[in-house]
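Please read the structure below before turning to the comments.
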Amino acid sequence: MKRIRKLLIFFLSTAAALALGEGLLRMGDFPPLGRRFELRDSLTLTPDPVLLPGTASPALFRRIGGLRGRLPGPGQTCRILALGGSSTECFFLDESKTWPALLERKLNRLCSTDSFWVGNAGYSGAAAADHLQDLPDYYLRVQELDAVIILVGINDLCRALAAGGSLETEEDNSLLIDRWQRARHFLWKNSSVYALAKAVVFRQSLDPDRSSPASGGHYELYRRNRRKARGYLDRLPARFDYSLAEYENHIGALIRLARKLSLRPIFLTQPTAWDRQAPGYMKELFWFGWTAGGSSVPDQDYYSVRTLREGMDLFNESLKRVCLESGAELYDLAAIQEPDTTMFYDDCHFNNQGARKAADFTTAHFLGIE
């Protein structure tokens, strides 16, 4: 028994030392492998169409080299990277039915070629500041990139609302943003050891029953927490303007970085189902708008649908303004949003039909045939 205890202590201490050392080495370097290289490499999901309307089972999820789907081949000479959060990752859609995968196929079909490649670098929870960290890493990993398409805004909005407006002060905003971003993966959380442990726990939770993450069962908890909110806030936070300024700084930095890397920067506005005229069944599918602790924490205030829509519109307008001033391409994907399940299975995540609409819209604008 003592020998087992000693071995256990040895392995735990070794893992902690490796994580700490790797985290120190990565401080200020490229983003940690753990954000994109978890062991979610090959999962078969079974989304429940009642909980996630418009999805289909089974849905294959693979992540190869930090990307959903296949890596580019030698004949694919026009290489596009799709950056974004969960609206780009499309976790509960089969890898062949995500909007980046559909975009690739549509471009190749319309151009009668197989030279287009679209890599899905979406990652749940990623915001503009994360894309700033990720883009150089992907540029090195995927050789000869030509363009980057970025669907952005909703995670920046969620962070702003949960933080009461902004994490930064009005003075010296950009410096504090940079420090906070570097500190958020501090030490051991910055290591692949931490990512491995997190991934093992995630995979263990993927049971085939209806309540598991594999079927989207955890959405029931999120939606129940919103329905039983302590109260609904009908005004944006007082410091919301600071968040918009922070967002515009990040978008401007992304444009400059993409151009420095000789990439064509293309931005998509964020569509959502938030609308006061949304049918009752759709509003029952909403779970965004938490104020503290995240969506799994009960007994907290939530922002109303009207306030969420107002905030998202302001972020989309900020994106449009920066792109207009800098001359960057912008496709107003939010212009085709529908407040029902014809596009989304919840607040903002595309179902199969929504992914097709997003891909059709983006293809037409990319080729200039809208």
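Each chain in the structure tokens gets a letter, A, B, ..., in the order shown, and its residues are numbered from 1; ligands are numbered from 1 in order too.
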
Residues near segment 125-128 of chain A, cut-off 6 Å, only C-alpha atoms, skip fewer than 6 positions along chain, as a short mmCIF file (atom, residue, chain, number, x, y, z; two decimals) with C-alpha atoms, in the first residue's frame:
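So part-v5.cif came out as:
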```cif
data_model
loop_
_atom_site.label_atom_id
_atom_site.label_comp_id
_atom_site.auth_asym_id
_atom_site.auth_seq_id
_atom_site.Cartn_x
_atom_site.Cartn_y
_atom_site.Cartn_z
CA GLY A 85 -16.12 30.60 -31.52
CA ASN A 155 -18.28 35.80 -26.99
CA ASP A 156 -16.97 39.35 -26.65
CA HIS A 250 -9.01 43.92 -31.08
#
```

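By only C-alpha atoms, and with residues fewer than 4 positions from segment 351-365 of chain A along its chain excluded, the set lying at most 7 Å from it is A:Gly54, A:Thr55, A:Leu93, A:Lys97, A:Thr98, A:Trp99, A:Pro100, A:Leu102, A:Leu103, A:Lys106, A:Leu107, A:Tyr331, A:Thr342, A:Met343, A:Phe344, A:Tyr345, A:Ile369, A:Glu370.
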
All helix (DSSP H, G or I) residues (DSSP, backbone) inside segment 206-284 of chain A, as a short mmCIF file (atom, residue, chain, number, x, y, z; two decimals) with C-alpha atoms, in the first residue's frame:
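Written file, result17.cif:
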```
data_model
loop_
_atom_site.label_atom_id
_atom_site.label_comp_id
_atom_site.auth_asym_id
_atom_site.auth_seq_id
_atom_site.Cartn_x
_atom_site.Cartn_y
_atom_site.Cartn_z
CA HIS A 218 -26.66 19.68 -20.54
CA TYR A 219 -28.62 22.33 -22.45
CA GLU A 220 -31.64 21.43 -20.32
CA LEU A 221 -29.77 22.68 -17.25
CA TYR A 222 -28.65 25.88 -18.98
CA ARG A 223 -32.15 26.66 -20.20
CA ARG A 224 -33.73 25.88 -16.85
CA ASN A 225 -31.33 28.28 -15.16
CA ARG A 226 -32.38 31.04 -17.54
CA ARG A 227 -36.10 30.31 -17.11
CA PHE A 240 -20.58 48.83 -21.90
CA ASP A 241 -18.98 51.55 -24.05
CA TYR A 242 -15.56 50.49 -22.76
CA SER A 243 -16.21 46.94 -23.95
CA LEU A 244 -17.10 48.21 -27.41
CA ALA A 245 -13.90 50.26 -27.53
CA GLU A 246 -11.90 47.21 -26.42
CA TYR A 247 -13.59 45.12 -29.12
CA GLU A 248 -12.82 47.68 -31.81
CA ASN A 249 -9.16 47.69 -30.71
CA HIS A 250 -9.01 43.92 -31.08
CA ILE A 251 -10.67 43.97 -34.50
CA GLY A 252 -8.27 46.64 -35.72
CA ALA A 253 -5.34 44.61 -34.42
CA LEU A 254 -6.65 41.49 -36.19
CA ILE A 255 -6.86 43.38 -39.48
CA ARG A 256 -3.32 44.70 -39.12
CA LEU A 257 -2.01 41.26 -38.15
CA ALA A 258 -3.72 39.53 -41.08
CA ARG A 259 -2.29 42.05 -43.52
CA LYS A 260 1.16 41.73 -41.96
CA GLY A 280 -42.41 31.24 -27.56
CA TYR A 281 -40.94 27.85 -28.41
CA MET A 282 -37.77 29.57 -29.62
CA LYS A 283 -37.39 31.62 -26.46
#
```

Query raised in the report: Looking at only C-alpha atoms, which of A:Pro339, A:Gly153, A:Gly289, A:Pro298 is the one that sits closest to Asp313 of chain A?
Result: A:Gly153

Among segment 85-166 of chain A, which ones does DSSP place in strand (DSSP E), written as a compact mmCIF listing (two decimals) with C-alpha atoms, in the first residue's frame?
```
# COMPACT_ATOMS: atom_id res chain seq x y z
CA PHE A 116 -10.06 25.55 -52.37
CA TRP A 117 -9.46 24.45 -48.79
CA VAL A 118 -11.30 25.93 -45.80
CA GLY A 119 -9.95 24.98 -42.38
CA ASN A 120 -12.33 25.16 -39.43
CA ALA A 147 -7.32 34.41 -46.42
CA VAL A 148 -8.89 34.33 -42.97
CA ILE A 149 -12.65 34.52 -42.40
CA ILE A 150 -13.58 35.53 -38.85
CA LEU A 151 -17.08 35.13 -37.40
```

Query raised in the report: Which is closer to Leu285 of chain A than all the others in A:Thr341, A:Gln133, A:Ser326, A:Ser124, using only C-alpha atoms?
Result: A:Thr341

Please list as a short mmCIF file (atom, residue, chain, number, x, y, z; two decimals) with N, CA and C atoms, in the first residue's frame every residue within 7 Å of Gln270 of chain A, counting only C-alpha atoms and excluding residues in the same chain fewer than 3 positions away.
```cif
data_model
loop_
_atom_site.label_atom_id
_atom_site.label_comp_id
_atom_site.auth_asym_id
_atom_site.auth_seq_id
_atom_site.Cartn_x
_atom_site.Cartn_y
_atom_site.Cartn_z
N LEU A 151 -15.74 34.91 -37.93
CA LEU A 151 -17.08 35.13 -37.40
C LEU A 151 -16.93 35.45 -35.92
N VAL A 152 -17.23 36.67 -35.54
CA VAL A 152 -16.81 37.14 -34.23
C VAL A 152 -17.87 38.06 -33.62
N GLY A 153 -17.86 38.14 -32.30
CA GLY A 153 -18.70 39.13 -31.63
C GLY A 153 -19.46 38.62 -30.42
N ILE A 154 -20.02 37.41 -30.52
CA ILE A 154 -20.92 37.00 -29.45
C ILE A 154 -20.20 36.68 -28.15
N ASN A 316 -22.05 44.31 -33.56
CA ASN A 316 -22.01 44.18 -35.01
C ASN A 316 -21.77 45.52 -35.69
N LEU A 333 -23.53 38.79 -42.27
CA LEU A 333 -24.26 37.54 -42.09
C LEU A 333 -25.49 37.72 -41.20
N ALA A 334 -25.42 38.68 -40.27
CA ALA A 334 -26.56 38.92 -39.38
C ALA A 334 -27.78 39.42 -40.14
#
```

What lies within 6 Å of Leu330 of chain A using only C-alpha atoms, ignoring chain neighbours under 2 positions off, as an mmCIF file with N, CA and C atoms, in the first residue's frame?
```
data_model
loop_
_atom_site.group_PDB
_atom_site.id
_atom_site.type_symbol
_atom_site.label_atom_id
_atom_site.label_comp_id
_atom_site.auth_asym_id
_atom_site.auth_seq_id
_atom_site.Cartn_x
_atom_site.Cartn_y
_atom_site.Cartn_z
ATOM 1 N N ILE A 266 -11.328 38.798 -43.765
ATOM 2 C CA ILE A 266 -12.761 38.871 -44.061
ATOM 3 C C ILE A 266 -13.510 38.633 -42.748
ATOM 4 N N PHE A 267 -14.445 39.512 -42.442
ATOM 5 C CA PHE A 267 -15.200 39.389 -41.192
ATOM 6 C C PHE A 267 -16.671 39.128 -41.490
ATOM 7 N N LEU A 268 -17.296 38.344 -40.615
ATOM 8 C CA LEU A 268 -18.725 38.076 -40.666
ATOM 9 C C LEU A 268 -19.371 38.634 -39.406
#
```

Query raised in the report: For Ala273 of chain A, which residue out of A:Ala238, A:Met312, A:Cys78, A:Val50 is the nearest one, using only C-alpha atoms?
Result: A:Met312
